[in-house]
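One structure is given below, encoded as structure tokens.
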Amino acid sequence: MTINRPNSSIALATYAAILLPFLLISVVRAFSRPQPHHQPQNNKQVAPPPPISMPVWSLSCPIPFPTPSTNTSPINKDFSPSSMSILTFVTPVSVSSPKLWAVSLYKTSLTRCSFLGVPNRGDEFSDIPSIASSVTTTSGSAYSVRRRDSMGEAGSLPGGVDGAAGWRVTGEYRRRRLGVTNKGMGILQLLSPNQSPLVPILGKIPGWDGGATMKKEECAKLGHEWVGVGSDEERFDVLPKCASYIMIKLKRVTDGGDHDVCIVQVIKTGVWDDVDNTVLWLEEGDQQPALDITTALYSGQLRDEGKI
């Protein structure tokens with residue numbers, strides 16, 4: 001008895017006819033599903049948070065390098081010994097000792113570059129390797145900063161910096177090349193309400209290209225002549241009659257967008273001494289009275305005055 005088997009081409013056609021509708025249904029279902037919505041990063045503008053009245057500070061720190069008229073021009077030797085700028089992003093971040101504060105500095109400002117020891121406004125660094133510019137050791141200095149134009153691949157930080165990787169090196173470069181000993185040091189000055197006219201001067205005049213000297217001169221014209229305090233090894237220019245003074249030392253730095261967020265240690269606090277015309281640094285048991293809008297300058301006042 002002979003069994004006739006179907007032709008193989010006929011069998012394939014039969015299978016295809018059976019499977020084709022199922023394949024079409026699967027494809028239609030796949031394309032009909034809602035696709036995840038991907039927002040392009042950094043392109044969407046969001047509504048700003050509500051304005052908050054914040055204390056207004058000025059950071060004063062020595063300029064450890066002459067300020068060039070441009071990034072590549074010869075150094076201009078006629079420069080102010082200190083740089084001052086206006087800050088409102090300042091807040092304590094710890095209670096116990098050592099007392100740490102967060103200070104946010106605009107990346108292109110001379111005060112930020114002076115405080116961090118970065119001689120060019122295009123140079124950046126951070127101590128978070130995943131988002132930072134690199135800070136690596138080189139011969140003849142304790143660090144070198146790789147310039148970047150945008151967020152890119154980070155280098156590595158040197159080990160053994162202040163006993164822990166990620167802590168900022170600012171000392172050796174200045175000591176070897178510039179002879180400055182108060183590295184990464186500055187004085188936060190809490191402005192008083194009657195010092196609001198100084199905000200456009202200290203906050204809107206760039207410190208580069210002789211601007212630091214211009215700031216000093218313009219403050220003097222308004223009766224707020226800068227006063228030098230401290231010894232020759234640790235000397236700072238300050239504004240007289242501020243509501244409070246806090247000497248700080250740089251500990252860490254991380255990227256904050258258009259600002260660098262500096263974690264600083266409070267070294268000492270002080271008040272203005274009208275008798276000796278200098279800062280009176282307080283002892284451990286001394287305590288200042290609480291300050292508010294009647295005794296310290298707040299950004300709400302600047303907003304009311306149309307200065308911001």
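Identifiers for the structure tokens are assigned positionally: chains receive A, B, ... in sequence, residues are indexed from 1 per chain, and ligands are indexed from 1 in the order shown.
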
Residues near Ser114 in chain A, cut-off 8 Å, only C-alpha atoms, skip fewer than 5 positions along chain, as number ranges by chain: A: 61-65, 83, 119

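Minimum atom-to-atom distance to Ser109 in chain A, evaluated using only C-alpha atoms, belongs to A:Leu87 out of A:Ala296, A:Ile52, A:Leu87, A:Val264.
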
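For the set A:Leu198, A:Leu239, A:Leu190, A:Val103, the residue with the smallest atom-to-atom gap to Val253 in chain A is A:Val103, counting only C-alpha atoms.
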
Interatomic distance, CA of Trp272 in chain A to CA of Ser231 in chain A (Å, one decimal):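 Taking CA of Trp272 in chain A and CA of Ser231 in chain A, their separation equals 17.1 Å.
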
Atom pair CA of Val118 in chain A / CA of Thr91 in chain A: separation (Å): 23.5 Å
